$ cat query_19.csv   # CSV, C-alpha atoms and all ligand atoms
chain,number,residue,atom,x,y,z
A,1,MET,CA,182.7,214.5,88.4
A,2,ILE,CA,180.4,212.8,90.8
A,3,VAL,CA,181.7,209.7,92.6
A,4,ILE,CA,180.3,207.4,95.2
A,5,LEU,CA,182.7,205.7,97.6
A,6,LEU,CA,181.6,202.3,99.0
A,7,GLY,CA,183.3,200.2,101.7
A,8,PRO,CA,182.8,199.0,105.3
A,9,PRO,CA,183.7,201.1,108.3
A,10,GLY,CA,187.5,201.1,108.6
A,11,ALA,CA,188.1,200.5,104.9
A,12,GLY,CA,189.8,203.9,104.5
A,13,LYS,CA,187.0,205.8,102.8
A,14,GLY,CA,187.6,209.1,104.7
A,15,THR,CA,191.3,209.0,103.9
A,16,GLN,CA,190.8,208.2,100.3
A,17,ALA,CA,187.9,210.7,99.9
A,18,ALA,CA,190.2,213.5,101.1
A,19,PHE,CA,192.8,212.4,98.6
A,20,ILE,CA,190.3,212.4,95.8
A,21,LYS,CA,189.0,215.8,96.8
A,22,ASN,CA,192.5,217.3,96.6
A,23,ASN,CA,193.5,215.5,93.4
A,24,PHE,CA,190.3,216.1,91.4
A,25,ASN,CA,189.2,219.4,93.0
A,26,ILE,CA,185.8,218.2,93.9
A,27,ALA,CA,183.9,218.5,97.2
A,28,HIS,CA,184.2,215.7,99.8
A,29,ILE,CA,180.7,215.0,101.3
A,30,SER,CA,181.0,212.8,104.4
A,31,THR,CA,177.5,212.3,105.9
A,32,GLY,CA,179.3,210.9,109.0
A,33,ASP,CA,181.3,214.1,109.4
A,34,MET,CA,178.3,216.2,108.9
A,35,LEU,CA,176.3,214.3,111.5
A,36,ARG,CA,179.2,214.4,114.0
A,37,GLU,CA,179.4,218.2,113.5
A,38,ALA,CA,175.7,218.5,114.1
A,39,VAL,CA,176.0,216.4,117.3
A,40,LYS,CA,178.9,218.6,118.5
A,41,ASN,CA,177.0,221.8,117.8
A,42,GLU,CA,173.9,220.3,119.4
A,43,THR,CA,171.7,221.3,116.5
A,44,GLU,CA,168.2,219.8,116.1
A,45,LEU,CA,169.6,217.2,113.7
A,46,GLY,CA,172.5,216.4,116.1
A,47,LEU,CA,170.2,215.9,119.0
A,48,MET,CA,168.1,213.4,116.9
A,49,ALA,CA,171.2,211.6,115.5
A,50,LYS,CA,173.4,211.4,118.7
A,51,ASP,CA,172.1,208.2,120.3
A,52,VAL,CA,171.5,206.4,117.0
A,53,MET,CA,175.1,207.0,116.0
A,54,GLU,CA,176.5,206.0,119.4
A,55,ARG,CA,174.6,202.7,119.0
A,56,GLY,CA,176.0,202.1,115.5
A,57,ASP,CA,172.6,202.3,113.9
A,58,LEU,CA,171.6,204.2,110.9
A,59,VAL,CA,170.1,207.7,111.1
A,60,SER,CA,166.7,208.0,109.4
A,61,ASP,CA,166.6,208.1,105.6
A,62,ASP,CA,164.5,211.2,105.6
A,63,LEU,CA,166.9,213.2,107.7
A,64,LEU,CA,169.8,212.1,105.5
A,65,LEU,CA,168.0,212.9,102.3
A,66,LYS,CA,167.3,216.4,103.5
A,67,LEU,CA,170.9,216.8,104.5
A,68,ILE,CA,172.4,215.6,101.3
A,69,ASN,CA,169.9,217.5,99.1
A,70,GLU,CA,170.9,220.7,100.7
A,71,ARG,CA,174.6,219.9,100.7
A,72,ILE,CA,175.0,219.2,97.0
A,73,LYS,CA,173.5,222.6,96.2
A,74,ASN,CA,176.5,224.3,97.8
A,75,LYS,CA,178.8,226.2,95.5
A,76,ASP,CA,181.8,223.9,96.3
A,77,CYS,CA,179.9,221.1,94.6
A,78,GLU,CA,179.7,222.8,91.2
A,79,ASN,CA,182.8,221.0,90.0
A,80,GLY,CA,181.5,217.7,91.4
A,81,PHE,CA,181.7,215.8,94.6
A,82,ILE,CA,182.6,212.5,96.2
A,83,LEU,CA,180.0,210.9,98.4
A,84,ASP,CA,181.5,209.2,101.4
A,85,GLY,CA,179.0,207.3,103.6
A,86,TYR,CA,175.9,208.0,101.4
A,87,PRO,CA,174.0,206.2,100.1
A,88,ARG,CA,174.0,203.5,102.8
A,89,ASN,CA,171.0,201.4,101.8
A,90,GLN,CA,168.8,200.9,98.8
A,91,LYS,CA,166.2,203.4,99.8
A,92,GLN,CA,168.9,206.1,100.0
A,93,ALA,CA,170.3,205.0,96.6
A,94,ALA,CA,166.9,205.3,95.0
A,95,SER,CA,166.4,208.7,96.5
A,96,LEU,CA,169.7,209.8,95.2
A,97,ASP,CA,168.8,208.5,91.7
A,98,GLU,CA,165.7,210.6,91.9
A,99,ILE,CA,167.3,213.9,93.0
A,100,PHE,CA,170.0,213.4,90.4
A,101,SER,CA,167.5,212.8,87.6
A,102,GLN,CA,165.5,215.9,88.7
A,103,SER,CA,168.7,218.0,88.6
A,104,GLY,CA,170.2,216.4,85.5
A,105,LYS,CA,173.2,215.0,87.3
A,106,ASN,CA,174.8,211.6,86.7
A,107,ILE,CA,176.9,209.3,88.8
A,108,ASP,CA,180.2,209.2,86.9
A,109,GLY,CA,181.8,206.4,88.9
A,110,ILE,CA,181.3,204.1,91.9
A,111,VAL,CA,184.5,203.2,93.8
A,112,GLN,CA,184.3,200.2,96.1
A,113,ILE,CA,187.1,199.7,98.5
A,114,ASP,CA,187.4,196.0,99.0
A,115,VAL,CA,188.9,194.8,102.3
A,116,ASP,CA,189.1,191.7,104.3
A,117,PHE,CA,186.7,192.0,107.3
A,118,SER,CA,189.3,190.4,109.6
A,119,ILE,CA,191.5,193.5,109.5
A,120,LEU,CA,188.7,196.0,110.3
A,121,GLU,CA,188.7,195.2,114.0
A,122,LYS,CA,192.4,196.0,114.3
A,123,ARG,CA,192.1,199.2,112.2
A,124,ILE,CA,189.2,200.5,114.3
A,125,THR,CA,190.8,199.8,117.6
A,126,SER,CA,194.0,201.5,116.6
A,127,ARG,CA,192.0,204.4,115.2
A,128,ALA,CA,190.3,204.7,118.5
A,129,SER,CA,193.6,204.9,120.4
A,130,GLU,CA,195.2,207.3,117.9
A,131,ASN,CA,192.4,209.7,117.5
A,132,ASN,CA,192.6,211.4,120.8
A,133,SER,CA,191.5,214.9,119.9
A,134,GLU,CA,188.7,213.9,117.6
A,135,LYS,CA,187.8,210.7,119.3
A,136,ARG,CA,184.6,209.2,117.9
A,137,ALA,CA,182.0,207.8,120.3
A,138,ASP,CA,181.4,204.9,117.9
A,139,ASP,CA,185.0,203.7,117.5
A,140,ASN,CA,184.9,200.8,119.9
A,141,LEU,CA,184.6,197.1,119.3
A,142,ASP,CA,181.0,196.6,120.4
A,143,VAL,CA,179.7,199.4,118.2
A,144,LEU,CA,182.0,198.4,115.4
A,145,LYS,CA,180.3,195.0,115.4
A,146,LYS,CA,176.9,196.7,115.1
A,147,ARG,CA,178.2,199.0,112.3
A,148,LEU,CA,179.6,196.0,110.4
A,149,LYS,CA,176.2,194.2,110.8
A,150,GLU,CA,174.5,197.3,109.4
A,151,TYR,CA,177.0,197.4,106.6
A,152,VAL,CA,176.5,193.8,105.6
A,153,GLU,CA,172.7,193.9,105.8
A,154,GLN,CA,172.0,197.4,104.5
A,155,THR,CA,174.9,198.7,102.5
A,156,GLU,CA,176.5,195.7,100.9
A,157,PRO,CA,173.4,195.1,98.7
A,158,LEU,CA,174.3,198.4,97.0
A,159,VAL,CA,177.2,196.4,95.3
A,160,SER,CA,174.6,194.6,93.2
A,161,TYR,CA,172.4,197.8,93.0
A,162,TYR,CA,175.2,199.5,91.2
A,163,SER,CA,177.0,196.6,89.6
A,164,ASP,CA,175.5,197.4,86.2
A,165,HIS,CA,176.9,200.9,86.3
A,166,LYS,CA,179.4,201.4,83.4
A,167,ASN,CA,182.1,202.7,85.8
A,168,TYR,CA,181.9,200.4,88.7
A,169,ILE,CA,185.5,200.3,90.1
A,170,VAL,CA,186.7,197.8,92.7
A,171,ILE,CA,189.9,198.7,94.5
A,172,ASN,CA,192.0,196.4,96.6
A,173,GLY,CA,191.9,198.2,100.0
A,174,MET,CA,194.3,195.7,101.5
A,175,ASN,CA,197.2,197.5,99.9
A,176,ASN,CA,198.9,200.4,101.7
A,177,ILE,CA,197.3,203.8,101.7
A,178,SER,CA,199.4,205.3,98.9
A,179,LYS,CA,198.9,202.3,96.6
A,180,VAL,CA,195.2,202.4,97.2
A,181,SER,CA,195.2,206.2,96.4
A,182,GLU,CA,197.2,205.6,93.2
A,183,ASP,CA,194.8,202.9,92.1
A,184,ILE,CA,191.8,205.1,92.7
A,185,LYS,CA,193.5,208.0,90.9
A,186,ASN,CA,194.4,206.0,87.8
A,187,ASN,CA,190.9,204.6,87.6
A,188,LEU,CA,189.2,208.0,88.0
A,189,ASN,CA,191.5,209.7,85.5
A,190,LYS,CA,190.0,207.4,82.9
A,191,LEU,CA,186.6,208.9,83.6
A,192,LYS,CA,187.5,212.5,82.9
A,201,LIG,P1,180.6,207.1,109.1
A,201,LIG,O1,181.5,208.2,109.6
A,201,LIG,O2,180.3,207.2,107.7
A,201,LIG,O3,181.1,205.8,109.6
A,201,LIG,O4,179.2,207.4,109.9
A,201,LIG,C1,179.0,207.4,111.3
A,201,LIG,C2,177.6,207.1,111.7
A,201,LIG,O5,176.8,208.2,111.1
A,201,LIG,C3,176.9,205.9,111.1
A,201,LIG,O6,177.2,204.7,111.9
A,201,LIG,C4,175.5,206.3,111.2
A,201,LIG,O7,175.0,206.2,112.5
A,201,LIG,C5,175.5,207.7,110.7
A,201,LIG,N1,175.4,207.8,109.2
A,201,LIG,C6,176.4,208.3,108.4
A,201,LIG,N2,175.9,208.3,107.1
A,201,LIG,C7,174.7,207.8,107.2
A,201,LIG,C8,173.7,207.5,106.2
A,201,LIG,N3,174.0,207.7,104.9
A,201,LIG,N4,172.5,207.0,106.6
A,201,LIG,C9,172.3,206.8,107.9
A,201,LIG,N5,173.1,207.0,108.9
A,201,LIG,C10,174.4,207.5,108.5
$ encode --input "query_19.csv" --output "structure tokens"
Amino acid sequence: MIVILLGPPGAGKGTQAAFIKNNFNIAHISTGDMLREAVKNETELGLMAKDVMERGDLVSDDLLLKLINERIKNKDCENGFILDGYPRNQKQAASLDEIFSQSGKNIDGIVQIDVDFSILEKRITSRASENNSEKRADDNLDVLKKRLKEYVEQTEPLVSYYSDHKNYIVINGMNNISKVSEDIKNNLNKLK
């Protein structure tokens, strides 16, 4: 099963992707986590991505395409995967369509976590205060505003890009975490 998870920063994508990974035994591919790892290890990719991420901008489409193309060839993706944070704009979505059509893969479902933007500020500031050991350089209000702007301008158009997909699922992300998980699980179970 191949699933794309859509939603703004702070919507709970990481938490729900981890839940889906465990429940459906598929890989969780978070481009944000992969890039943070690269930054931490000071790899060539990390050095290129660091400042861009700290500003809340998007890392180049070409770098992301290379990263994702390699990642989905891993053995842990054989049973499927959930994409968390990719694609993030229409160019990335078109590239993904292309690599999937070349490799005979299909997107089984798109899950959009729908949240009220007014709660995101609160969620991100509390995440910044809780997350002491794995503190993110981009979890602060100024950068959040930039990330939300990027989301609205670049990522939200994917809602219409994918709206014709036969399994476009909208989940109410304002509910508590376990209710959101349950709703996602029930919907994805119908795709199996
Ligand atoms: P995330 O953890 O998904 O919120 O991503 C953190 C940061 O990593 C983003 O603000 C971007 O700078 C970068 N990033 C993650 N995924 C992508 C992507 N698909 N395209 C471009 N930049 C990305």
$ residues_around --input "query_19.csv" --residues "region 112-118 of chain A" --least-positions-apart "3" --cutoff "6 Å" --atoms "all atoms listed in the file" --output "list in words"
Leu5, Leu6, Gly7, Val170, Ile171, Asn172, Gly173 and Met174 of chain A
$ closest_atom_pairs --input "query_19.csv" --of "chain A" --to "ligand LIG 201 (chain A)" --cutoff "10 Å" --atoms "only C-alpha atoms and all ligand atoms" --output "Markdown table"
| residue | atom | partner | partner_atom | distance |
| --- | --- | --- | --- | --- |
| A:Gly7 | CA | A:LIG201 | O2 | 9.7 |
| A:Pro8 | CA | A:LIG201 | O3 | 8.2 |
| A:Pro9 | CA | A:LIG201 | O3 | 5.5 |
| A:Gly10 | CA | A:LIG201 | O3 | 8.0 |
| A:Ala11 | CA | A:LIG201 | O3 | 10.0 |
| A:Lys13 | CA | A:LIG201 | O2 | 8.4 |
| A:Gly14 | CA | A:LIG201 | O1 | 7.9 |
| A:Ser30 | CA | A:LIG201 | O2 | 6.5 |
| A:Thr31 | CA | A:LIG201 | N2 | 4.5 |
| A:Gly32 | CA | A:LIG201 | O1 | 3.5 |
| A:Asp33 | CA | A:LIG201 | O1 | 5.9 |
| A:Met34 | CA | A:LIG201 | C6 | 8.1 |
| A:Leu35 | CA | A:LIG201 | O5 | 6.1 |
| A:Arg36 | CA | A:LIG201 | O5 | 7.3 |
| A:Ala49 | CA | A:LIG201 | O7 | 7.3 |
| A:Lys50 | CA | A:LIG201 | O7 | 8.2 |
| A:Asp51 | CA | A:LIG201 | O7 | 8.6 |
| A:Val52 | CA | A:LIG201 | O7 | 5.7 |
| A:Met53 | CA | A:LIG201 | O7 | 3.6 |
| A:Glu54 | CA | A:LIG201 | O7 | 7.1 |
| A:Arg55 | CA | A:LIG201 | O7 | 7.4 |
| A:Gly56 | CA | A:LIG201 | O6 | 4.6 |
| A:Asp57 | CA | A:LIG201 | O7 | 4.8 |
| A:Leu58 | CA | A:LIG201 | N5 | 3.8 |
| A:Val59 | CA | A:LIG201 | N5 | 3.8 |
| A:Ser60 | CA | A:LIG201 | C9 | 5.9 |
| A:Asp61 | CA | A:LIG201 | N4 | 6.1 |
| A:Asp62 | CA | A:LIG201 | N4 | 9.1 |
| A:Leu63 | CA | A:LIG201 | C9 | 8.4 |
| A:Leu64 | CA | A:LIG201 | N4 | 5.9 |
| A:Leu65 | CA | A:LIG201 | N3 | 8.4 |
| A:Leu67 | CA | A:LIG201 | N3 | 9.6 |
| A:Ile68 | CA | A:LIG201 | N3 | 8.8 |
| A:Leu83 | CA | A:LIG201 | N3 | 9.4 |
| A:Asp84 | CA | A:LIG201 | O2 | 6.7 |
| A:Gly85 | CA | A:LIG201 | O2 | 4.3 |
| A:Tyr86 | CA | A:LIG201 | N3 | 4.0 |
| A:Pro87 | CA | A:LIG201 | N3 | 5.0 |
| A:Arg88 | CA | A:LIG201 | N3 | 4.7 |
| A:Asn89 | CA | A:LIG201 | N4 | 7.5 |
| A:Lys91 | CA | A:LIG201 | N4 | 9.9 |
| A:Gln92 | CA | A:LIG201 | N3 | 7.3 |
| A:Ala93 | CA | A:LIG201 | N3 | 9.5 |
| A:Arg136 | CA | A:LIG201 | C1 | 8.8 |
| A:Ala137 | CA | A:LIG201 | C1 | 9.5 |
| A:Asp138 | CA | A:LIG201 | O6 | 7.3 |
| A:Asp139 | CA | A:LIG201 | O3 | 9.1 |
| A:Val143 | CA | A:LIG201 | O6 | 8.6 |
| A:Leu144 | CA | A:LIG201 | O6 | 8.7 |
| A:Lys146 | CA | A:LIG201 | O6 | 8.6 |
| A:Arg147 | CA | A:LIG201 | O6 | 5.8 |
| A:Leu148 | CA | A:LIG201 | O6 | 9.1 |
| A:Glu150 | CA | A:LIG201 | O6 | 8.3 |
| A:Tyr151 | CA | A:LIG201 | O6 | 9.0 |
| A:Gln154 | CA | A:LIG201 | N4 | 9.8 |
| A:Thr155 | CA | A:LIG201 | N3 | 9.4 |
$ atom_distance --input "query_19.csv" --atom1 "CA of Glu156 (chain A)" --atom2 "CA of Gly12 (chain A)"
16.0 Å
$ residues_around --input "query_19.csv" --residues "region 124-128 of chain A" --least-positions-apart "2" --cutoff "7 Å" --atoms "only C-alpha atoms" --output "MDAnalysis selection string"
chainID A and resid 10 120:122 130:131 135 139:141
$ write_last_selection --input "query_19.csv" --atoms "C-alpha atoms" --output "PDB file, in the frame of the given file"
ATOM      1  CA  GLY A  10     187.500 201.100 108.600  1.00  0.00           C
ATOM      2  CA  LEU A 120     188.700 196.000 110.300  1.00  0.00           C
ATOM      3  CA  GLU A 121     188.700 195.200 114.000  1.00  0.00           C
ATOM      4  CA  LYS A 122     192.400 196.000 114.300  1.00  0.00           C
ATOM      5  CA  GLU A 130     195.200 207.300 117.900  1.00  0.00           C
ATOM      6  CA  ASN A 131     192.400 209.700 117.500  1.00  0.00           C
ATOM      7  CA  LYS A 135     187.800 210.700 119.300  1.00  0.00           C
ATOM      8  CA  ASP A 139     185.000 203.700 117.500  1.00  0.00           C
ATOM      9  CA  ASN A 140     184.900 200.800 119.900  1.00  0.00           C
ATOM     10  CA  LEU A 141     184.600 197.100 119.300  1.00  0.00           C
TER      11      LEU A 141
END
$ residues_around --input "query_19.csv" --residues "region 160-169 of chain A" --least-positions-apart "2" --cutoff "9 Å" --atoms "all atoms listed in the file" --output "mmCIF file with C-alpha atoms, in the coordinates of the input"
data_model
loop_
_atom_site.group_PDB
_atom_site.id
_atom_site.type_symbol
_atom_site.label_atom_id
_atom_site.label_comp_id
_atom_site.auth_asym_id
_atom_site.auth_seq_id
_atom_site.Cartn_x
_atom_site.Cartn_y
_atom_site.Cartn_z
ATOM 1 C CA GLN A 90 168.800 200.900 98.800
ATOM 2 C CA ALA A 93 170.300 205.000 96.600
ATOM 3 C CA ILE A 107 176.900 209.300 88.800
ATOM 4 C CA ASP A 108 180.200 209.200 86.900
ATOM 5 C CA GLY A 109 181.800 206.400 88.900
ATOM 6 C CA ILE A 110 181.300 204.100 91.900
ATOM 7 C CA VAL A 111 184.500 203.200 93.800
ATOM 8 C CA GLN A 112 184.300 200.200 96.100
ATOM 9 C CA ILE A 113 187.100 199.700 98.500
ATOM 10 C CA GLU A 156 176.500 195.700 100.900
ATOM 11 C CA PRO A 157 173.400 195.100 98.700
ATOM 12 C CA LEU A 158 174.300 198.400 97.000
ATOM 13 C CA ILE A 171 189.900 198.700 94.500
ATOM 14 C CA ILE A 184 191.800 205.100 92.700
ATOM 15 C CA ASN A 187 190.900 204.600 87.600
ATOM 16 C CA LEU A 188 189.200 208.000 88.000
ATOM 17 C CA LEU A 191 186.600 208.900 83.600
#
$ atom_distance --input "query_19.csv" --atom1 "CA of Lys185 (chain A)" --atom2 "CA of Ile82 (chain A)"
12.9 Å
$ atom_distance --input "query_19.csv" --atom1 "CA of Asn23 (chain A)" --atom2 "CA of Phe81 (chain A)"
11.9 Å
$ axis_aligned_box --input "query_19.csv" --around "region 104-122 of chain A" --padding-each-side "8 Å" --output "JSON"
{"center_x": 181.3, "center_y": 203.4, "center_z": 99.9, "size_x": 38.2, "size_y": 42.0, "size_z": 44.8}
$ closest_residue --input "query_19.csv" --among "A:Asp183, A:Glu37, A:Glu70, A:Asp142" --to "Ile99 (chain A)" --atoms "all atoms listed in the file"
A:Glu70
